[in-house]
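Coordinates from coords-v5.txt are shown below (compact mmCIF, C-alpha atoms).
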```txt
# COMPACT_ATOMS: atom_id res chain seq x y z
CA MET A 1 177.54 93.21 24.90
CA LYS A 2 175.12 90.58 26.21
CA ALA A 3 172.19 93.02 26.09
CA ARG A 4 173.07 94.21 22.59
CA PHE A 5 173.36 90.80 21.00
CA GLY A 6 170.93 88.93 23.19
CA VAL A 7 173.35 86.08 23.97
CA GLY A 8 173.15 84.62 27.47
CA ARG A 9 175.73 82.53 29.30
CA GLY A 10 173.78 79.33 28.68
CA ARG A 11 173.68 79.93 24.96
CA VAL A 12 177.39 80.75 24.86
CA LEU A 13 178.17 77.45 26.56
CA ALA A 14 175.87 75.58 24.18
CA VAL A 15 177.52 77.18 21.14
CA ALA A 16 180.98 76.34 22.53
CA ALA A 17 179.94 72.73 23.06
CA LEU A 18 178.53 72.52 19.55
CA ALA A 19 181.77 74.00 18.13
CA ALA A 20 183.77 71.38 19.99
CA ILE A 21 181.59 68.61 18.55
CA VAL A 22 181.96 70.01 15.03
CA ALA A 23 185.73 70.36 15.44
CA SER A 24 185.93 66.77 16.64
CA ALA A 25 183.91 65.54 13.65
CA VAL A 26 186.04 67.49 11.19
CA SER A 27 189.31 66.27 12.67
CA GLY A 28 187.90 62.73 12.61
CA SER A 29 187.46 62.95 8.84
CA VAL A 30 191.23 63.10 8.45
CA SER A 31 192.23 61.11 11.50
CA ALA A 32 192.95 57.89 9.61
CA LEU A 33 196.21 59.20 8.19
CA ALA A 34 198.89 56.87 6.89
CA ASP A 35 202.15 56.50 8.78
CA GLY A 36 200.92 58.28 11.90
CA ASP A 37 200.71 61.75 10.33
CA THR A 38 198.68 64.41 12.14
CA ASP A 39 196.98 67.65 11.20
CA GLY A 40 199.74 69.59 12.94
CA ASP A 41 202.34 68.32 10.49
CA ARG A 42 200.67 69.85 7.44
CA VAL A 43 202.22 72.76 5.59
CA ARG A 44 201.14 74.31 2.32
CA SER A 45 203.23 73.53 -0.76
CA GLU A 46 202.96 76.44 -3.18
CA HIS A 47 204.87 75.15 -6.20
CA TRP A 48 202.46 72.55 -7.61
CA GLY A 49 200.47 73.05 -10.80
CA VAL A 50 200.04 72.00 -14.41
CA ILE A 51 203.42 71.83 -16.16
CA THR A 52 202.38 73.72 -19.25
CA ARG A 53 205.25 72.63 -21.51
CA ASN A 54 204.28 69.00 -20.86
CA THR A 55 200.60 69.48 -21.66
CA ILE A 56 199.08 68.52 -25.02
CA GLY A 57 195.53 69.16 -26.19
CA SER A 58 192.95 70.37 -23.67
CA PRO A 59 193.15 67.92 -20.76
CA VAL A 60 192.12 68.67 -17.18
CA ALA A 61 194.25 68.42 -14.05
CA ASP A 62 192.22 70.17 -11.39
CA LEU A 63 192.33 70.30 -7.60
CA ARG A 64 188.80 69.36 -6.52
CA ASN A 65 186.64 68.07 -3.68
CA GLY A 66 185.93 64.33 -3.63
CA PRO A 67 185.21 62.14 -5.41
CA PHE A 68 182.93 60.64 -2.79
CA GLY A 69 181.47 57.27 -3.73
CA SER A 70 180.66 55.77 -6.08
CA PHE A 71 177.05 55.26 -4.99
CA GLY A 72 176.66 52.33 -2.64
CA VAL A 73 180.34 52.40 -1.61
CA THR A 74 180.90 53.15 2.07
CA GLY A 75 183.79 53.41 4.50
CA SER A 76 187.31 54.59 3.70
CA SER A 77 186.97 53.63 0.01
CA ALA A 78 184.18 56.19 -0.40
CA ARG A 79 186.29 59.30 0.28
CA PRO A 80 189.73 60.67 -0.52
CA PRO A 81 192.40 59.15 1.74
CA TYR A 82 193.50 62.61 3.00
CA GLY A 83 191.24 65.54 3.77
CA GLN A 84 188.31 66.19 1.46
CA GLY A 85 189.92 66.64 -1.95
CA SER A 86 192.08 65.17 -4.67
CA LEU A 87 193.70 65.84 -8.03
CA GLY A 88 191.10 65.23 -10.74
CA ILE A 89 192.54 64.20 -14.13
CA GLU A 90 190.76 63.97 -17.48
CA VAL A 91 192.49 63.13 -20.77
CA ALA A 92 191.05 62.17 -24.15
CA ASP A 93 192.08 58.99 -25.97
CA ASP A 94 194.32 58.35 -28.97
CA SER A 95 191.58 58.95 -31.52
CA THR A 96 192.97 60.03 -34.89
CA SER A 97 190.27 62.71 -35.01
CA LEU A 98 192.29 64.70 -32.50
CA THR A 99 195.17 66.95 -33.47
CA PRO A 100 197.56 65.99 -31.95
CA PRO A 101 196.25 62.42 -31.85
CA SER A 102 196.03 62.22 -28.04
CA GLU A 103 196.12 64.38 -24.95
CA LYS A 104 198.68 64.55 -22.18
CA VAL A 105 198.95 66.39 -18.88
CA ASP A 106 201.51 66.55 -16.07
CA PHE A 107 200.61 68.12 -12.73
CA GLY A 108 203.84 68.66 -10.88
CA ASN A 109 206.47 70.71 -9.14
CA GLU A 110 209.45 72.24 -10.97
CA VAL A 111 210.95 73.96 -7.92
CA ASP A 112 211.15 71.89 -4.76
CA PHE A 113 212.87 68.79 -6.15
CA PHE A 114 215.30 70.48 -8.52
CA GLY A 115 218.82 69.10 -8.04
CA ASP A 116 217.81 66.26 -5.72
CA PRO A 117 219.71 62.98 -6.33
CA VAL A 118 217.74 60.23 -8.05
CA GLN A 119 219.53 57.73 -5.80
CA GLY A 120 217.84 59.44 -2.86
CA LEU A 121 214.37 58.35 -4.01
CA ASP A 122 213.25 55.43 -1.87
CA GLN A 123 209.52 55.74 -1.04
CA LEU A 124 207.05 56.48 -3.85
CA GLY A 125 203.40 55.85 -4.69
CA PHE A 126 199.84 57.19 -4.51
CA HIS A 127 196.13 56.39 -4.05
CA VAL A 128 193.89 56.40 -7.12
CA PHE A 129 190.18 56.57 -7.91
CA GLN A 130 189.79 54.14 -10.80
CA THR A 131 186.55 53.49 -12.69
CA GLY A 132 185.22 50.53 -14.64
CA GLU A 133 184.95 52.79 -17.68
CA ASN A 134 188.69 53.52 -17.53
CA VAL A 135 189.38 49.78 -17.55
CA ASP A 136 187.08 49.45 -20.58
CA TYR A 137 189.02 52.21 -22.34
CA GLY A 138 192.51 50.74 -21.85
CA GLY A 139 192.60 47.74 -19.52
CA THR A 140 193.65 47.47 -15.89
CA GLY A 141 196.95 49.22 -16.64
CA ASN A 142 195.14 52.37 -17.75
CA LEU A 143 196.23 54.52 -14.81
CA PRO A 144 198.18 57.75 -14.19
CA ASN A 145 201.96 57.70 -13.84
CA ILE A 146 204.55 59.19 -11.53
CA LYS A 147 207.18 61.04 -13.56
CA PHE A 148 210.53 62.59 -12.74
CA GLU A 149 212.29 64.70 -15.35
CA ILE A 150 215.98 64.07 -14.72
CA ASP A 151 219.53 64.71 -15.86
CA PRO A 152 220.90 61.14 -16.19
CA ASN A 153 224.52 62.34 -15.76
CA LEU A 154 225.87 59.11 -17.21
CA GLY A 155 229.61 59.06 -17.77
CA THR A 156 229.07 56.95 -20.90
CA LEU A 157 226.67 59.54 -22.34
CA PRO A 158 228.04 62.92 -21.20
CA THR A 159 225.93 64.96 -23.62
CA ASP A 160 222.64 63.32 -22.63
CA ASN A 161 221.22 65.81 -20.13
CA TYR A 162 217.51 64.95 -20.24
CA SER A 163 215.28 61.94 -19.70
CA THR A 164 211.97 61.21 -17.97
CA LEU A 165 211.86 58.49 -15.33
CA VAL A 166 208.34 57.01 -15.50
CA TRP A 167 206.42 54.63 -13.24
CA VAL A 168 203.74 52.47 -14.88
CA PRO A 169 201.41 50.98 -12.22
CA ASP A 170 200.07 47.45 -12.35
CA GLY A 171 196.35 47.97 -11.83
CA SER A 172 195.30 44.32 -11.94
CA THR A 173 194.40 44.33 -8.23
CA VAL A 174 193.02 47.90 -8.08
CA ALA A 175 189.27 47.90 -7.37
CA THR A 176 187.07 50.12 -9.51
CA ASN A 177 184.58 52.86 -8.67
CA ARG A 178 186.20 53.58 -5.30
CA TRP A 179 189.42 54.82 -3.77
CA SER A 180 192.32 52.38 -3.76
CA GLY A 181 194.69 51.71 -0.93
CA PHE A 182 198.25 52.98 -1.25
CA ILE A 183 199.94 51.67 -4.41
CA ASP A 184 203.67 51.31 -3.72
CA ALA A 185 205.63 52.41 -6.79
CA THR A 186 208.83 50.80 -5.48
CA THR A 187 207.32 47.29 -5.68
CA ASN A 188 204.28 47.56 -7.98
CA GLY A 189 204.39 47.80 -11.79
CA TYR A 190 207.54 48.83 -13.63
CA TRP A 191 209.75 51.81 -14.46
CA TYR A 192 211.40 53.05 -17.62
CA LEU A 193 213.43 55.96 -18.97
CA THR A 194 212.52 57.90 -22.09
CA GLY A 195 215.24 58.16 -24.70
CA GLY A 196 216.05 54.46 -24.47
CA GLU A 197 219.68 54.75 -23.36
CA VAL A 198 219.09 52.60 -20.25
CA CYS A 199 215.91 50.85 -19.07
CA PRO A 200 213.67 51.67 -22.06
CA ALA A 201 209.95 50.96 -21.81
CA ALA A 202 210.36 47.55 -23.44
CA ASP A 203 212.65 46.42 -20.58
CA GLN A 204 210.02 47.13 -17.88
CA CYS A 205 212.66 47.65 -15.20
CA SER A 206 212.00 47.26 -11.50
CA PHE A 207 212.59 50.27 -9.27
CA ALA A 208 215.86 48.73 -8.06
CA GLU A 209 216.99 48.01 -11.62
CA VAL A 210 216.39 51.53 -12.87
CA LYS A 211 218.28 53.02 -9.93
CA THR A 212 221.16 50.63 -10.60
CA ALA A 213 221.16 51.65 -14.28
CA LEU A 214 221.53 55.28 -13.21
CA ALA A 215 224.23 54.57 -10.61
CA ASP A 216 227.12 55.22 -12.98
CA ALA A 217 230.38 55.45 -11.04
CA ASP A 218 231.93 57.47 -13.89
CA GLY A 219 229.13 60.04 -13.90
CA GLN A 220 228.14 62.72 -11.42
CA GLY A 221 224.93 61.00 -10.35
CA ALA A 222 221.48 61.49 -11.86
CA THR A 223 219.59 64.52 -10.53
CA VAL A 224 215.94 65.55 -10.61
CA TYR A 225 214.53 68.45 -12.61
CA SER A 226 210.85 68.03 -11.69
CA ALA A 227 208.33 65.64 -10.13
CA ALA A 228 204.80 65.08 -11.40
CA VAL A 229 201.71 62.92 -11.67
CA GLY A 230 200.76 62.59 -15.32
CA LYS A 231 198.55 60.84 -17.85
CA GLY A 232 198.79 60.37 -21.62
CA ARG A 233 199.44 60.04 -24.50
CA ASP A 234 197.46 56.82 -24.72
CA ASP A 235 193.96 55.93 -23.54
CA MET A 236 191.12 58.05 -22.25
CA TRP A 237 191.15 58.33 -18.45
CA ILE A 238 188.86 60.20 -16.06
CA GLY A 239 189.59 59.78 -12.37
CA ALA A 240 191.57 61.16 -9.45
CA VAL A 241 194.78 60.78 -7.46
CA ASP A 242 195.57 61.65 -3.85
CA GLY A 243 198.25 61.01 -1.25
CA LEU A 244 201.25 61.18 -3.58
CA ARG A 245 204.20 59.98 -1.53
CA ILE A 246 207.76 61.08 -2.30
CA ASN A 247 210.13 59.81 0.39
CA GLN A 248 209.04 61.09 3.81
CA THR A 249 206.38 63.48 2.49
CA ILE A 250 202.80 62.77 1.43
CA TYR A 251 201.27 65.40 -0.86
CA ASP A 252 197.61 65.87 -0.01
CA PHE A 253 195.72 67.34 -2.97
CA GLU A 254 192.89 69.61 -1.80
CA ALA A 255 190.57 71.98 -3.66
CA HIS A 256 192.28 74.94 -1.99
CA GLY A 257 195.86 73.78 -2.69
CA VAL A 258 198.46 71.09 -2.03
CA ARG A 259 199.49 70.26 1.53
CA ALA A 260 202.64 68.40 2.47
CA ARG A 261 202.25 65.91 5.30
CA HIS A 262 205.39 64.66 6.98
CA VAL A 263 205.58 60.90 7.51
CA ASN A 264 206.75 60.11 11.03
```

Give the structure from this file in C-alpha cells form.
Amino acid sequence: MKARFGVGRGRVLAVAALAAIVASAVSGSVSALADGDTDGDRVRSEHWGVITRNTIGSPVADLRNGPFGSFGVTGSSARPPYGQGSLGIEVADDSTSLTPPSEKVDFGNEVDFFGDPVQGLDQLGFHVFQTGENVDYGGTGNLPNIKFEIDPNLGTLPTDNYSTLVWVPDGSTVATNRWSGFIDATTNGYWYLTGGEVCPAADQCSFAEVKTALADADGQGATVYSAAVGKGRDDMWIGAVDGLRINQTIYDFEAHGVRARHVN
C-alpha cells in the first residue's frame, strides 16, 4: 500500500496532525454554545419547513449559510450563534401594487409539537440578524415572530377550535447589521391571540397574561397544533433567525437541515 500510493509514515503522521488541528478549529466554531450544549447532543429534526397553507405571495424562507458580517463586524456578532447557518427570511412590504397586498411566510413544524399543552411552554426566544434597512422599512419592531397555532379549548367558547398565539418582539435594543444575543420571548415584547376572544393584539399581553387567559378551569386546556417562525403581513423584512428555543431544545438552522440541541 505504501509503495503504491507513495505515502510514508512521516507523511501519515503529518496528515493526522493536520486533521486534528482542522477538527479542533471546526469544533471551536460551535464551542460557544448557550446553556452548556455540546456537539454530541445534536440530532437532526426532519419535520421543519415552509408551512405552505400559511404562505402568501412569493416570500423566501430558506436554510442558508451565514450571514457573516456585516463588513467590519467581528467576534460572535459576525457569525450565526450556532454552527454555520441560519434561516434566511425575505418578505415584501404592504404595497398596494401587490396582490395580495403583502407577503407572509411561516417556517415551522406541524408534527413534533402537535397536542402539546400550551401551559407547558416556559422557555422561548431566538437570535436575529437585523439590518438598518429593516428598521427604515418598519421601525425597531419590524422583526419576525414566533407563532403557535393552537386549539384554545376554552370552556366559555367550546366551538372555537383555532387561534394563533403570536409573539411580537421589542427590537428597541437590538443592534443592526449583526447577530443579536438571545431575545427572550417570555420577558421581551408582547403576545396576542388571533380571533380576539382573549388577549387580542390591542391588549399586548405579557407571556404570563396570555397563559393565564388560556388557563380555563372549565376547558380541557389549550393544545398546540404547530410551531413556527414567521413574518408578515406588514413591512418588508430581509434578514435571518437562528437558535430558536422552545423549552429545553434549541433549533439550530443550518443549510443542510435543522438540528435540535438539548439544553442541559

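Neighbours of Asp112 in chain A closer than or equal to 9 Å, with all atoms listed in the file counted and sequence neighbours fewer than 2 positions away skipped, come out as His47, Asn109, Glu110, Phe114, Gly115, Asp116, Ser226 and Ala227 of chain A.
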
Pick out the residues sitting within 7 Å of Asn145 in chain A, and hand them over as number ranges by chain; count all atoms listed in the file, and ignore anything fewer than 3 positions along from it in its own chain. A: 166-169, 229-231

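Across A:Asn142, A:Asn177, A:Thr187, A:Ser163, the tightest approach to Thr223 in chain A is made by A:Ser163 when counting all atoms listed in the file.
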
Answer as a list in words, residues within 12 Å of (192.0, 47.4, -19.5) using only C-alpha atoms: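 Collected hits near the coordinates: Gln130, Thr131, Gly132, Glu133, Asn134, Val135, Asp136, Tyr137, Gly138, Gly139, Thr140, Gly141, Asn142, Leu143, Asp170, Gly171, Ser172, Thr173, Val174, Thr176, Asp235, Met236 and Trp237 of chain A.
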
Export of prior selection with C-alpha atoms as an mmCIF file, in the coordinates of the input:
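Generated file (selection-v4.cif):
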```
data_model
loop_
_atom_site.group_PDB
_atom_site.id
_atom_site.type_symbol
_atom_site.label_atom_id
_atom_site.label_comp_id
_atom_site.auth_asym_id
_atom_site.auth_seq_id
_atom_site.Cartn_x
_atom_site.Cartn_y
_atom_site.Cartn_z
ATOM 1 C CA GLN A 130 189.790 54.140 -10.800
ATOM 2 C CA THR A 131 186.550 53.490 -12.690
ATOM 3 C CA GLY A 132 185.220 50.530 -14.640
ATOM 4 C CA GLU A 133 184.950 52.790 -17.680
ATOM 5 C CA ASN A 134 188.690 53.520 -17.530
ATOM 6 C CA VAL A 135 189.380 49.780 -17.550
ATOM 7 C CA ASP A 136 187.080 49.450 -20.580
ATOM 8 C CA TYR A 137 189.020 52.210 -22.340
ATOM 9 C CA GLY A 138 192.510 50.740 -21.850
ATOM 10 C CA GLY A 139 192.600 47.740 -19.520
ATOM 11 C CA THR A 140 193.650 47.470 -15.890
ATOM 12 C CA GLY A 141 196.950 49.220 -16.640
ATOM 13 C CA ASN A 142 195.140 52.370 -17.750
ATOM 14 C CA LEU A 143 196.230 54.520 -14.810
ATOM 15 C CA ASP A 170 200.070 47.450 -12.350
ATOM 16 C CA GLY A 171 196.350 47.970 -11.830
ATOM 17 C CA SER A 172 195.300 44.320 -11.940
ATOM 18 C CA THR A 173 194.400 44.330 -8.230
ATOM 19 C CA VAL A 174 193.020 47.900 -8.080
ATOM 20 C CA THR A 176 187.070 50.120 -9.510
ATOM 21 C CA ASP A 235 193.960 55.930 -23.540
ATOM 22 C CA MET A 236 191.120 58.050 -22.250
ATOM 23 C CA TRP A 237 191.150 58.330 -18.450
#
```

Quick one: pull the distance between CA of Asn65 in chain A and CA of Leu87 in chain A, Å, one decimal. 8.6 Å

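Among A:Gly85, A:Gly155, A:Gly66, A:Gly189, the residue with the shortest atom-to-atom distance to Gly125 in chain A, counting all atoms listed in the file, is A:Gly189.
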
Straight-line distance linking CA of Pro59 in chain A with CA of Asp93 in chain A, stated in Å to one decimal: 10.4 Å

Exercise: range 194-206 of chain A partners within 10 Å, all atoms listed in the file, chain neighbours under 5 positions left out, as an mmCIF file with C-alpha atoms, in the coordinates of the input:
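File selection.cif, as written:
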```cif
data_model
loop_
_atom_site.group_PDB
_atom_site.id
_atom_site.type_symbol
_atom_site.label_atom_id
_atom_site.label_comp_id
_atom_site.auth_asym_id
_atom_site.auth_seq_id
_atom_site.Cartn_x
_atom_site.Cartn_y
_atom_site.Cartn_z
ATOM 1 C CA GLU A 149 212.290 64.700 -15.350
ATOM 2 C CA PRO A 152 220.900 61.140 -16.190
ATOM 3 C CA LEU A 154 225.870 59.110 -17.210
ATOM 4 C CA THR A 156 229.070 56.950 -20.900
ATOM 5 C CA LEU A 157 226.670 59.540 -22.340
ATOM 6 C CA ASP A 160 222.640 63.320 -22.630
ATOM 7 C CA TYR A 162 217.510 64.950 -20.240
ATOM 8 C CA SER A 163 215.280 61.940 -19.700
ATOM 9 C CA THR A 164 211.970 61.210 -17.970
ATOM 10 C CA LEU A 165 211.860 58.490 -15.330
ATOM 11 C CA VAL A 166 208.340 57.010 -15.500
ATOM 12 C CA TRP A 167 206.420 54.630 -13.240
ATOM 13 C CA VAL A 168 203.740 52.470 -14.880
ATOM 14 C CA ALA A 185 205.630 52.410 -6.790
ATOM 15 C CA THR A 186 208.830 50.800 -5.480
ATOM 16 C CA THR A 187 207.320 47.290 -5.680
ATOM 17 C CA ASN A 188 204.280 47.560 -7.980
ATOM 18 C CA GLY A 189 204.390 47.800 -11.790
ATOM 19 C CA LYS A 211 218.280 53.020 -9.930
ATOM 20 C CA THR A 212 221.160 50.630 -10.600
ATOM 21 C CA ALA A 213 221.160 51.650 -14.280
ATOM 22 C CA LEU A 214 221.530 55.280 -13.210
#
```

Counting only C-alpha atoms, the option among A:Ile238, A:Val224, A:Val111, A:Ala215 closest to Glu46 in chain A: A:Val111

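Interatomic distance, CA of Asn247 in chain A to CA of Asp62 in chain A: 23.8 Å.
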
Residue among A:Val241, A:Leu121, A:Val105, A:Ala222 lying closest to Ile150 in chain A, counting only C-alpha atoms: A:Ala222

Completed range 223-240 of chain A (N, CA and C atoms) as a short mmCIF file (atom, residue, chain, number, x, y, z; two decimals), in the coordinates of the input:
```
data_model
loop_
_atom_site.label_atom_id
_atom_site.label_comp_id
_atom_site.auth_asym_id
_atom_site.auth_seq_id
_atom_site.Cartn_x
_atom_site.Cartn_y
_atom_site.Cartn_z
N THR A 223 220.28 63.55 -11.37
CA THR A 223 219.59 64.52 -10.53
C THR A 223 218.23 64.84 -11.11
N VAL A 224 217.33 65.29 -10.24
CA VAL A 224 215.94 65.55 -10.61
C VAL A 224 215.78 66.98 -11.10
N TYR A 225 214.98 67.13 -12.17
CA TYR A 225 214.53 68.45 -12.61
C TYR A 225 213.14 68.77 -12.02
N SER A 226 212.22 67.81 -12.16
CA SER A 226 210.85 68.03 -11.69
C SER A 226 210.22 66.72 -11.28
N ALA A 227 209.11 66.82 -10.53
CA ALA A 227 208.33 65.64 -10.13
C ALA A 227 206.87 65.91 -10.50
N ALA A 228 206.17 64.86 -10.95
CA ALA A 228 204.80 65.08 -11.40
C ALA A 228 203.98 63.79 -11.36
N VAL A 229 202.67 63.98 -11.33
CA VAL A 229 201.71 62.92 -11.67
C VAL A 229 201.18 63.27 -13.05
N GLY A 230 201.17 62.29 -13.95
CA GLY A 230 200.76 62.59 -15.32
C GLY A 230 199.93 61.49 -15.94
N LYS A 231 199.31 61.82 -17.07
CA LYS A 231 198.55 60.84 -17.85
C LYS A 231 198.60 61.22 -19.31
N GLY A 232 198.75 60.19 -20.17
CA GLY A 232 198.79 60.37 -21.62
C GLY A 232 200.21 60.19 -22.13
N ARG A 233 200.42 60.04 -23.42
CA ARG A 233 199.44 60.04 -24.50
C ARG A 233 199.08 58.60 -24.83
N ASP A 234 197.89 58.19 -24.43
CA ASP A 234 197.46 56.82 -24.72
C ASP A 234 195.94 56.75 -24.67
N ASP A 235 195.40 56.16 -23.61
CA ASP A 235 193.96 55.93 -23.54
C ASP A 235 193.24 57.00 -22.73
N MET A 236 191.95 57.14 -23.03
CA MET A 236 191.12 58.05 -22.25
C MET A 236 191.14 57.63 -20.78
N TRP A 237 191.20 58.62 -19.89
CA TRP A 237 191.15 58.33 -18.45
C TRP A 237 190.51 59.50 -17.73
N ILE A 238 189.52 59.20 -16.89
CA ILE A 238 188.86 60.20 -16.06
C ILE A 238 188.80 59.65 -14.65
N GLY A 239 189.53 60.27 -13.74
CA GLY A 239 189.59 59.78 -12.37
C GLY A 239 190.31 60.78 -11.48
N ALA A 240 190.93 60.27 -10.42
CA ALA A 240 191.57 61.16 -9.45
C ALA A 240 192.70 60.45 -8.73
#
```
